[in-house]
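Peer 1: This is the structure I want to talk about, given as structure tokens.
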Amino acid sequence: MAIQASDIEGSRIGQIRTSPDLAPRQRRAMGEDPRRGQVLTTKVGLQMPAGMSFDDWEKAGRQLSGIVDSSSWWLGDWLVYGKDHYTDRYQRGIRAAGLQYQTLRNYAWVSRRFDFSRRRGALSFQHHAELASLPHEEQEAWLDRAEQRKWTTKQLRSAIRAAREDEAQVRMPAEPTRRLEVPGSRLQWWHKAAEQAGVDFERWVLVTLDSAAKEALEALEELEKLEEDGHGPAELEGPAEPGGPARSDRPAITA
């Protein structure tokens, strides 16, 4: 298929041919519509010929998809050129073109991350966008895999996520698994308490243990603070009388 474009009454119209080009010098029948069998793209829509075959419809879809994907590269390269050559004026060009700067900036970022020679025609712009933040070597490795295995963008994203998770597990040392033996009667008691509190049993256990740990650590910190101030356990108790219990010259400390 081939694309032809022309200006008709101020609107840009492209022609996507869905049938083989006519042979050289082959003349059309008199009165035949020159656009017959073509998909016409206009600024406000797509015009398709009546009776289009499924194969032609499918080919047109592939070509349209390619145009949309290529336009991301085109716009990205366009903005990169503008920023490099017209630093003080490229914003004016964006406004004149009626384009969204944030979208263009994303396109430009991907375009800068992949030189022309590194872009894979068999893969979409979005494939490259998924890899743009990676180092050069990793980009090439993932592009090779995606191209060889014909991955969709979603499959590429899933493969990258799985690889990251595997790397994290390798880096993280395995913790020994310990099993706590608890009598059944106590488990029933704890389940009842969780139901009374209106929370999930596992959450109740975690919250209860966290609370107990917090209280124990706070008590330990308070004791360490007293010892640092010179009020350790030996000073809290008075000197012991011979044959008698220790006495305290200070008020008793109660919890």
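Chain lettering (A, B, ...) mirrors the order of the structure tokens, residue numbering begins at 1 for each chain separately, and ligand numbering begins at 1 in order of display.
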Please identify the helix (DSSP H, G or I) residues within stretch 76-200 of chain A (assignment by DSSP from backbone atoms) and present them as a PyMOL selection string.

Peer 2: chain A and resi 76-85+90-97+101-113+116-118+125-131+136-149+153-171+184-197

Peer 1: Report as a list of chain:residue names all protein, DNA and RNA residues lying within 6 Å of A:Ser111, evaluated on only C-alpha atoms, omitting residues in the same chain fewer than 3 positions from it.

Peer 2: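 Residues meeting the cut-off are A:Gly76, A:Ala108, A:Phe114.
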
Peer 1: Excluding stretch 126-137 of chain A and its own-chain neighbours fewer than 4 positions away, which residues fall within 9 Å of it when counting only C-alpha atoms? Please give them as a VMD selection string.

Peer 2: chain A and resid 69 72 106 to 107 109 to 111 113 to 114 119 to 120 141 to 143 146 152 to 154 156 to 157
